[in-house]
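> Provided herewith: my_file.cif, mmCIF, C-alpha atoms and all ligand atoms.
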data_input
#
loop_
_atom_site.label_atom_id
_atom_site.label_comp_id
_atom_site.auth_asym_id
_atom_site.auth_seq_id
_atom_site.Cartn_x
_atom_site.Cartn_y
_atom_site.Cartn_z
CA MET I 5 12.50 -12.29 21.48
CA PHE I 6 12.97 -15.52 19.61
CA GLN I 7 15.44 -16.24 16.83
CA HIS I 8 12.65 -17.55 14.60
CA PHE I 9 8.87 -17.41 14.90
CA ILE I 10 7.38 -20.77 14.03
CA SER I 11 4.62 -21.46 16.52
CA ALA I 12 2.33 -19.45 18.76
CA SER I 13 3.40 -21.78 21.56
CA GLN I 14 6.72 -19.91 21.67
CA PHE I 15 4.79 -17.45 23.83
CA THR I 16 4.77 -19.29 27.12
CA SER I 17 3.05 -16.78 29.39
CA ALA I 18 0.29 -14.21 29.26
CA THR I 19 2.78 -11.68 30.61
CA THR I 20 5.20 -12.00 27.68
CA LEU I 21 2.30 -11.95 25.25
CA GLU I 22 0.94 -8.74 26.74
CA GLU I 23 4.40 -7.18 26.85
CA PHE I 24 4.47 -7.80 23.12
CA PHE I 25 1.06 -6.11 22.77
CA VAL I 26 2.36 -3.06 24.62
CA ALA I 27 5.19 -2.90 22.08
CA VAL I 28 2.66 -3.23 19.23
CA ARG I 29 0.61 -0.38 20.70
CA LYS I 30 3.79 1.72 20.72
CA THR I 31 4.45 0.86 17.07
CA GLU I 32 0.88 1.87 16.29
CA THR I 33 1.12 5.23 17.98
CA SER I 34 4.67 6.37 17.15
CA SER I 35 6.71 6.92 14.01
CA PRO I 36 8.53 3.89 12.58
CA SER I 37 12.04 3.25 13.88
CA GLY I 38 13.86 2.69 10.58
CA VAL I 39 15.41 -0.42 12.16
CA ALA I 40 15.16 -2.26 8.84
CA CYS I 41 17.07 0.39 6.89
CA GLY I 42 19.40 -1.36 4.43
CA LYS I 43 17.91 -4.78 5.23
CA VAL I 44 16.12 -7.15 2.89
CA MET I 45 13.16 -9.40 3.62
CA ALA I 46 12.67 -12.49 1.44
CA SER I 47 8.95 -12.99 1.05
CA TRP I 48 8.39 -16.56 -0.14
CA PHE I 49 4.81 -17.68 -0.72
CA GLY I 50 3.96 -21.21 -1.80
CA GLU I 51 0.24 -20.63 -1.25
CA ALA I 52 -2.15 -17.84 -2.11
CA SER I 53 -2.17 -14.84 0.22
CA THR I 54 -3.45 -11.28 0.23
CA ARG I 55 -3.42 -9.94 3.78
CA THR I 56 -0.47 -11.82 5.24
CA ARG I 57 1.92 -11.15 2.38
CA VAL I 58 0.96 -7.55 1.79
CA SER I 59 1.00 -6.67 5.48
CA PHE I 60 4.44 -8.25 6.01
CA GLU I 61 5.78 -6.44 2.96
CA SER I 62 4.12 -3.17 3.91
CA ALA I 63 5.53 -3.58 7.43
CA MET I 64 9.06 -4.10 6.10
CA TYR I 65 8.86 -1.05 3.83
CA ARG I 66 7.48 1.10 6.65
CA LEU I 67 10.48 0.09 8.77
CA GLY I 68 12.77 1.38 6.04
CA GLY I 69 13.65 -2.03 4.60
CA ASN I 70 13.28 -3.70 1.22
CA VAL I 71 11.46 -6.79 0.04
CA ILE I 72 12.15 -9.51 -2.51
CA TYR I 73 8.96 -11.39 -3.29
CA GLN I 74 9.37 -14.93 -4.56
CA PRO I 75 6.25 -16.84 -5.63
CA HIS I 76 6.54 -20.63 -5.42
CA MET I 77 6.23 -21.35 -9.14
CA ALA I 78 8.99 -18.87 -9.99
CA SER I 79 11.41 -20.51 -7.56
CA SER I 80 13.66 -23.51 -8.20
CA LEU I 81 11.35 -25.66 -6.08
CA ALA I 82 9.42 -25.92 -9.34
CA LYS I 83 12.55 -27.64 -10.79
CA GLY I 84 12.69 -30.05 -7.88
CA GLU I 85 15.00 -28.17 -5.53
CA SER I 86 14.49 -29.10 -1.90
CA TRP I 87 12.79 -26.87 0.63
CA LEU I 88 15.88 -26.79 2.81
CA ASP I 89 18.15 -25.74 -0.06
CA THR I 90 15.62 -23.03 -0.87
CA ILE I 91 15.79 -21.70 2.69
CA LYS I 92 19.59 -21.89 2.84
CA THR I 93 19.74 -19.88 -0.39
CA LEU I 94 17.29 -17.24 0.87
CA GLY I 95 19.32 -17.02 4.07
CA GLU I 96 22.46 -16.12 2.11
CA LEU I 97 20.66 -13.36 0.23
CA SER I 98 18.38 -11.73 2.80
CA ASP I 99 18.25 -10.63 6.43
CA ILE I 100 14.91 -12.23 7.29
CA ILE I 101 12.64 -14.80 5.62
CA VAL I 102 8.85 -14.78 5.76
CA ALA I 103 7.40 -17.90 4.17
CA ARG I 104 4.10 -19.68 3.65
CA THR I 105 4.10 -23.30 2.56
CA PRO I 106 1.39 -25.89 1.91
CA ILE I 107 3.21 -28.47 4.05
CA GLU I 108 2.76 -28.71 7.80
CA GLY I 109 6.15 -28.89 9.50
CA ASP I 110 8.03 -27.01 6.74
CA ALA I 111 8.39 -23.97 8.98
CA ALA I 112 9.98 -25.90 11.84
CA ASN I 113 12.37 -27.59 9.40
CA ALA I 114 13.29 -24.25 7.85
CA ALA I 115 14.17 -22.79 11.24
CA VAL I 116 16.75 -25.53 11.77
CA VAL I 117 18.77 -24.52 8.70
CA SER I 118 17.99 -20.82 8.36
CA LYS I 119 20.92 -18.47 8.89
CA VAL I 120 18.56 -15.52 9.34
CA PRO I 121 15.30 -15.17 11.31
CA PHE I 122 12.54 -17.27 9.76
CA VAL I 123 8.86 -16.39 10.20
CA ASN I 124 6.07 -18.87 9.63
CA ALA I 125 3.36 -17.17 7.55
CA GLY I 126 1.31 -20.37 7.49
CA ASP I 127 2.41 -24.00 7.09
CA GLY I 128 -0.37 -26.10 5.59
CA ALA I 129 -2.96 -27.07 8.16
CA GLY I 130 -0.38 -26.51 10.90
CA GLU I 131 -0.08 -23.01 12.28
CA HIS I 132 -0.36 -19.34 11.43
CA PRO I 133 1.21 -17.72 14.48
CA THR I 134 1.32 -14.09 13.30
CA GLN I 135 -2.42 -14.27 12.53
CA ALA I 136 -2.99 -15.44 16.10
CA LEU I 137 -0.93 -12.53 17.43
CA LEU I 138 -3.01 -10.04 15.51
CA ASP I 139 -6.23 -11.79 16.55
CA MET I 140 -5.27 -11.67 20.22
CA TYR I 141 -4.04 -8.11 19.88
CA THR I 142 -7.43 -7.16 18.43
CA ILE I 143 -9.24 -8.76 21.40
CA TRP I 144 -6.83 -7.12 23.87
CA LYS I 145 -7.32 -3.71 22.27
CA GLU I 146 -11.10 -3.98 22.05
CA PHE I 147 -11.63 -5.19 25.64
CA LYS I 148 -8.48 -3.69 27.25
CA CYS I 149 -7.71 -7.21 28.53
CA ILE I 150 -8.07 -10.83 27.41
CA GLU I 151 -9.89 -12.50 30.27
CA PRO I 152 -12.56 -13.24 31.31
CA LEU I 153 -13.56 -14.14 27.78
CA SER I 154 -16.31 -16.16 26.14
CA ILE I 155 -15.43 -16.94 22.55
CA GLY I 156 -17.30 -18.73 19.79
CA LEU I 157 -15.12 -20.68 17.36
CA VAL I 158 -16.98 -21.33 14.13
CA GLY I 159 -16.12 -23.22 10.95
CA ASP I 160 -13.23 -25.54 10.21
CA LEU I 161 -11.41 -26.31 13.44
CA LYS I 162 -9.64 -29.35 12.07
CA TYR I 163 -7.84 -27.81 9.10
CA GLY I 164 -7.94 -24.12 10.05
CA ARG I 165 -4.39 -23.14 11.00
CA THR I 166 -5.49 -19.75 12.33
CA ILE I 167 -7.58 -21.48 14.99
CA HIS I 168 -4.72 -23.85 15.82
CA SER I 169 -2.45 -20.92 16.60
CA LEU I 170 -5.18 -18.87 18.28
CA LEU I 171 -5.93 -21.71 20.70
CA ARG I 172 -2.27 -21.85 21.70
CA LEU I 173 -2.41 -18.20 22.76
CA LEU I 174 -5.85 -18.46 24.38
CA GLY I 175 -4.47 -21.40 26.34
CA LEU I 176 -2.25 -18.96 28.25
CA TYR I 177 -5.42 -17.79 30.03
CA SER I 178 -7.58 -19.82 32.39
CA ARG I 179 -10.78 -17.75 32.41
CA VAL I 180 -11.88 -18.47 28.85
CA THR I 181 -15.11 -20.23 27.89
CA TYR I 182 -15.22 -21.82 24.46
CA HIS I 183 -18.36 -22.17 22.34
CA VAL I 184 -17.79 -24.31 19.27
CA LEU I 185 -19.94 -24.48 16.14
CA CYS I 186 -18.46 -26.88 13.64
CA PRO I 187 -19.53 -29.97 11.64
CA ASP I 188 -18.44 -33.22 13.33
CA ARG I 189 -16.01 -34.09 10.53
CA LEU I 190 -14.28 -30.73 10.83
CA TYR I 191 -14.11 -30.82 14.62
CA LEU I 192 -10.92 -30.79 16.58
CA ASP I 193 -11.18 -30.87 20.36
CA PRO I 194 -9.57 -27.61 21.55
CA ARG I 195 -8.18 -29.57 24.53
CA GLU I 196 -5.82 -31.38 22.14
CA ILE I 197 -4.10 -28.07 21.45
CA LEU I 198 -4.72 -26.25 24.71
CA LYS I 199 -3.22 -29.08 26.76
CA ARG I 200 -5.22 -28.03 29.79
CA SER I 201 -8.05 -29.93 31.42
CA ASP I 202 -9.67 -27.01 33.25
CA ILE I 203 -11.34 -25.49 30.21
CA GLN I 204 -15.01 -25.18 29.48
CA ILE I 205 -16.09 -26.12 25.96
CA ARG I 206 -19.69 -26.13 24.76
CA ARG I 207 -20.60 -27.34 21.32
CA HIS I 208 -23.64 -25.86 19.60
CA ALA I 209 -25.89 -27.08 16.82
CA CYS I 210 -26.50 -23.82 14.99
CA MET I 211 -25.62 -20.12 14.93
CA ASP I 212 -28.93 -19.25 16.64
CA ASP I 213 -27.91 -21.35 19.68
CA LEU I 214 -24.39 -19.94 19.77
CA VAL I 215 -25.65 -16.36 19.63
CA LYS I 216 -28.06 -17.02 22.52
CA THR I 217 -25.11 -17.68 24.85
CA GLY I 218 -24.06 -14.04 24.38
CA PRO I 219 -20.36 -14.58 23.54
CA MET I 220 -18.04 -11.57 23.65
CA VAL I 221 -16.19 -12.73 20.54
CA VAL I 222 -17.35 -14.85 17.61
CA TYR I 223 -14.36 -16.02 15.58
CA MET I 224 -15.55 -17.19 12.17
CA THR I 225 -13.45 -19.24 9.76
CA ARG I 226 -13.99 -20.51 6.25
CA ASN I 227 -14.13 -24.07 5.05
CA GLN I 228 -10.51 -25.04 4.24
CA VAL I 229 -11.50 -26.84 1.06
CA GLU I 230 -7.94 -27.03 -0.24
CA ARG I 231 -6.86 -29.23 2.67
CA ARG I 232 -9.23 -32.16 2.33
CA GLU I 233 -7.68 -35.56 2.73
CA GLU I 234 -8.78 -38.08 0.12
CA GLN I 235 -11.00 -40.04 2.46
CA THR I 236 -12.67 -36.99 3.95
CA GLY I 237 -14.17 -35.80 0.67
CA MET I 238 -15.94 -32.48 0.42
CA ILE I 239 -17.63 -31.26 3.56
CA TYR I 240 -19.68 -28.12 3.47
CA LEU I 241 -20.37 -25.82 6.36
CA PRO I 242 -24.14 -26.01 6.72
CA ARG I 243 -26.09 -22.81 6.20
CA TYR I 244 -27.29 -22.88 9.80
CA HIS I 245 -23.63 -22.35 10.81
CA TYR I 246 -23.46 -19.10 8.83
CA MET I 247 -23.47 -15.70 10.54
CA ARG I 248 -26.25 -13.50 9.17
CA ARG I 249 -26.96 -9.87 9.94
CA GLU I 250 -29.81 -10.85 12.30
CA HIS I 251 -27.35 -12.96 14.32
CA ALA I 252 -24.90 -10.08 14.54
CA ASP I 253 -27.68 -7.79 15.74
CA LYS I 254 -28.63 -10.21 18.51
CA LEU I 255 -25.09 -10.46 19.91
CA PRO I 256 -24.29 -8.34 22.99
CA ASP I 257 -23.69 -4.66 22.18
CA ASP I 258 -20.00 -4.72 23.08
CA SER I 259 -19.23 -8.06 21.41
CA ILE I 260 -17.06 -8.39 18.31
CA ILE I 261 -17.16 -10.59 15.22
CA MET I 262 -13.78 -11.69 13.87
CA HIS I 263 -12.60 -13.53 10.76
CA PRO I 264 -9.02 -14.04 9.51
CA PHE I 265 -10.31 -13.81 5.90
CA PRO I 266 -10.72 -14.64 3.10
CA ARG I 267 -14.37 -15.14 3.90
CA GLY I 268 -16.79 -17.51 2.24
CA PRO I 269 -20.57 -17.60 2.54
CA GLU I 270 -20.29 -18.11 6.32
CA LEU I 271 -20.01 -14.36 6.91
CA THR I 272 -22.33 -12.12 4.94
CA PRO I 273 -21.02 -8.69 3.87
CA GLU I 274 -24.25 -7.23 5.32
CA ILE I 275 -22.49 -7.44 8.69
CA ASP I 276 -19.68 -5.11 7.58
CA SER I 277 -21.62 -2.00 8.61
CA SER I 278 -22.26 -3.38 12.12
CA PRO I 279 -20.13 -1.81 14.87
CA LYS I 280 -19.48 -5.39 16.00
CA ALA I 281 -17.58 -6.26 12.80
CA ALA I 282 -13.92 -6.30 13.84
CA TYR I 283 -12.39 -8.01 10.81
CA TRP I 284 -11.18 -4.89 9.03
CA LYS I 285 -9.59 -3.79 12.31
CA GLN I 286 -7.83 -7.17 12.38
CA VAL I 287 -6.32 -6.42 8.98
CA LYS I 288 -4.96 -3.06 10.15
CA ASN I 289 -3.74 -4.50 13.46
CA GLY I 290 -1.86 -7.12 11.45
CA LEU I 291 0.34 -4.40 10.01
CA TYR I 292 1.39 -3.14 13.46
CA VAL I 293 1.86 -6.65 14.83
CA ARG I 294 4.12 -7.56 11.90
CA MET I 295 6.07 -4.31 12.11
CA THR I 296 6.74 -5.01 15.77
CA LEU I 297 7.71 -8.61 15.15
CA LEU I 298 10.08 -7.71 12.29
CA GLN I 299 11.67 -4.98 14.40
CA GLN I 300 12.28 -7.37 17.27
CA LEU I 301 13.62 -10.19 15.10
CA LEU I 302 15.85 -7.89 13.07
CA SER I 303 17.40 -6.30 16.13
CA GLN I 304 19.05 -9.48 17.30
CA GLU I 305 21.73 -11.80 16.05
CA VAL I 306 20.86 -15.30 14.88
CA GLN I 307 23.36 -17.85 16.14
CA ASN I 308 23.03 -20.84 13.79
C1 LIG W 401 -5.87 -17.55 6.63
C2 LIG W 401 -4.80 -18.54 6.21
O1 LIG W 401 -4.17 -18.38 5.18
O2 LIG W 401 -4.65 -19.48 6.96
N1 LIG W 401 -5.82 -16.33 5.97
C3 LIG W 401 -4.94 -15.37 6.38
O3 LIG W 401 -3.76 -15.55 6.38
N2 LIG W 401 -5.45 -14.23 6.84
C4 LIG W 401 -7.22 -18.14 6.70
C5 LIG W 401 -7.77 -18.89 5.53
O4 LIG W 401 -7.14 -19.05 4.50
O5 LIG W 401 -8.90 -19.35 5.68
#
Could you express the structure from this file as structure tokens?


Amino acid sequence: MFQHFISASQFTSATTLEEFFVAVRKTETSSPSGVACGKVMASWFGEASTRTRVSFESAMYRLGGNVIYQPHMASSLAKGESWLDTIKTLGELSDIIVARTPIEGDAANAAVVSKVPFVNAGDGAGEHPTQALLDMYTIWKEFKCIEPLSIGLVGDLKYGRTIHSLLRLLGLYSRVTYHVLCPDRLYLDPREILKRSDIQIRRHACMDDLVKTGPMVVYMTRNQVERREEQTGMIYLPRYHYMRREHADKLPDDSIIMHPFPRGPELTPEIDSSPKAAYWKQVKNGLYVRMTLLQQLLSQEVQN
């Protein structure tokens, strides 16, 4: 395992990724190890969060540990303290730090100074590596393997950190076909992240066209309105990019619809009753993924 978990690209092979999934499956099916007994997790969130924070905290408690939650505005950052001093302080007082920040690159900087394992729970428009782990684990569990895979990526590719991390893990596999549905101004060429030239990417104009290709997975994301640069202004996802119940019904029977949540109008709650809706399973899988990650990080010594 790594000392810190900052980027999905720390997984450098499909084999290590799937070894991790086997460990997650074990966590899911056996009683918790108590490895965190007597240990404290500092949970520092500088941006809103429901699933990520609660699942990390729930994971720590289930492993027998304790949690100190520190919201941004209650920390001395609000008095002008630096990010690095904040991390150094948390490192003196806890055994592991889980943090979300609005600034891309904060996580990597924190790892340089952190005395204890540091986990990136989202750094601005950068990455969200534990979300990608739970997304991939969900695909692996549903299909019993990752490839061959055809996946639709819908929404905000440019600012969506969950997609940035997901692509890094998908890039470990060669037999993946990408179908992208995204407004031009929110587009990011997956090749920029995947760093491989042998991938097939097809862009589509509307959800109807995407659904016709019969993808096995449709990964929806919301418009990251909070990350607009000044010059970009407000860009809306057009309605013809939304997933409606009739689209879900037309997808192949064994396909799945995913979303990291929170959802916006792009994913109607009418789909929740469809057997293809996998987003509540993602939430539950996130708990097991985070339990496994915390266990692995807590069972080793950090050297810096
Ligand atoms: C995502 C995030 O914060 O990046 N949510 C999450 O952690 N599950 C996605 C989002 O905010 O759109």

> Can you tell me which residues surround I:Gly175 at a distance of at most 10 Å, considering all atoms listed in the file, apart from same-chain residues fewer than 2 positions away, and format the answer as a list in words?

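Result of the neighbour search: Ser13, Thr16, Ser17, Ala18, Ser169, Leu170, Leu171, Arg172, Leu173, Tyr177, Ser178, Arg179, Val180, Pro194, Arg195, Ile197, Leu198, Lys199, Arg200 and Ile203 of chain I.
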
> List all protein, DNA and RNA residues that have an atom no more than 9 Å from any atom of ligand LIG 401 (chain W), counting only C-alpha atoms and all ligand atoms, and report them as a compact mmCIF listing (two decimals) with C-alpha atoms, in the coordinates of the input.


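Output below, filename result-v2.txt:
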# COMPACT_ATOMS: atom_id res chain seq x y z
CA GLU I 51 0.24 -20.63 -1.25
CA ALA I 52 -2.15 -17.84 -2.11
CA SER I 53 -2.17 -14.84 0.22
CA THR I 54 -3.45 -11.28 0.23
CA ARG I 55 -3.42 -9.94 3.78
CA THR I 56 -0.47 -11.82 5.24
CA ARG I 57 1.92 -11.15 2.38
CA ARG I 104 4.10 -19.68 3.65
CA ALA I 125 3.36 -17.17 7.55
CA GLY I 126 1.31 -20.37 7.49
CA ASP I 127 2.41 -24.00 7.09
CA GLY I 128 -0.37 -26.10 5.59
CA ALA I 129 -2.96 -27.07 8.16
CA GLU I 131 -0.08 -23.01 12.28
CA HIS I 132 -0.36 -19.34 11.43
CA THR I 134 1.32 -14.09 13.30
CA GLN I 135 -2.42 -14.27 12.53
CA ASP I 160 -13.23 -25.54 10.21
CA GLY I 164 -7.94 -24.12 10.05
CA ARG I 165 -4.39 -23.14 11.00
CA THR I 166 -5.49 -19.75 12.33
CA ILE I 167 -7.58 -21.48 14.99
CA THR I 225 -13.45 -19.24 9.76
CA ARG I 226 -13.99 -20.51 6.25
CA ASN I 227 -14.13 -24.07 5.05
CA GLN I 228 -10.51 -25.04 4.24
CA HIS I 263 -12.60 -13.53 10.76
CA PRO I 264 -9.02 -14.04 9.51
CA PHE I 265 -10.31 -13.81 5.90
CA PRO I 266 -10.72 -14.64 3.10
CA ARG I 267 -14.37 -15.14 3.90
CA GLY I 268 -16.79 -17.51 2.24
CA VAL I 287 -6.32 -6.42 8.98

> Please compute the atom CA of I:Val44-atom CA of I:Glu22 distance, one decimal, in Å.

28.3 Å

> Which residues are near I:Val71? Cut-off 8 Å, all atoms listed in the file, ignore same chain within fewer than 5 positions. Put them as a PyMOL selection string.

chain I and resi 44-47+61+64-65

> From the set I:Tyr283, I:Phe49, I:Phe24, I:Tyr244, which residue has the shortest atom-to-atom contact distance to I:Pro75, counting all atoms listed in the file?

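The answer is I:Phe49, which sits nearest to I:Pro75.
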
> Have a look at atom CA of I:Cys186 and atom CA of I:Leu214 and let me know their distance in Å, one decimal.

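For atom CA of I:Cys186 relative to atom CA of I:Leu214, the distance reads 11.0 Å.
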
> With a cut-off of 10 Å, could you pull out the residues of stretch 106-223 of chain I touching stretch 78-98 of chain I and give me the nearest pair of atoms for each, distance in Å to one decimal, using all atoms listed in the file, ordered by chain and ascending number, as JSON lines?


{"residue": "I:Asp110", "atom": "CA", "partner": "I:Trp87", "partner_atom": "CA", "distance": 7.7}
{"residue": "I:Ala111", "atom": "CA", "partner": "I:Trp87", "partner_atom": "CA", "distance": 9.9}
{"residue": "I:Asn113", "atom": "CA", "partner": "I:Leu88", "partner_atom": "CA", "distance": 7.5}
{"residue": "I:Ala114", "atom": "CA", "partner": "I:Leu88", "partner_atom": "CA", "distance": 6.2}
{"residue": "I:Ala115", "atom": "CA", "partner": "I:Ile91", "partner_atom": "CA", "distance": 8.8}
{"residue": "I:Val116", "atom": "CA", "partner": "I:Leu88", "partner_atom": "CA", "distance": 9.1}
{"residue": "I:Val117", "atom": "CA", "partner": "I:Lys92", "partner_atom": "CA", "distance": 6.5}
{"residue": "I:Ser118", "atom": "CA", "partner": "I:Lys92", "partner_atom": "CA", "distance": 5.8}
{"residue": "I:Lys119", "atom": "CA", "partner": "I:Gly95", "partner_atom": "CA", "distance": 5.3}
{"residue": "I:Val120", "atom": "CA", "partner": "I:Gly95", "partner_atom": "CA", "distance": 5.5}
{"residue": "I:Pro121", "atom": "CA", "partner": "I:Gly95", "partner_atom": "CA", "distance": 8.5}
{"residue": "I:Phe122", "atom": "CA", "partner": "I:Gly95", "partner_atom": "CA", "distance": 8.9}
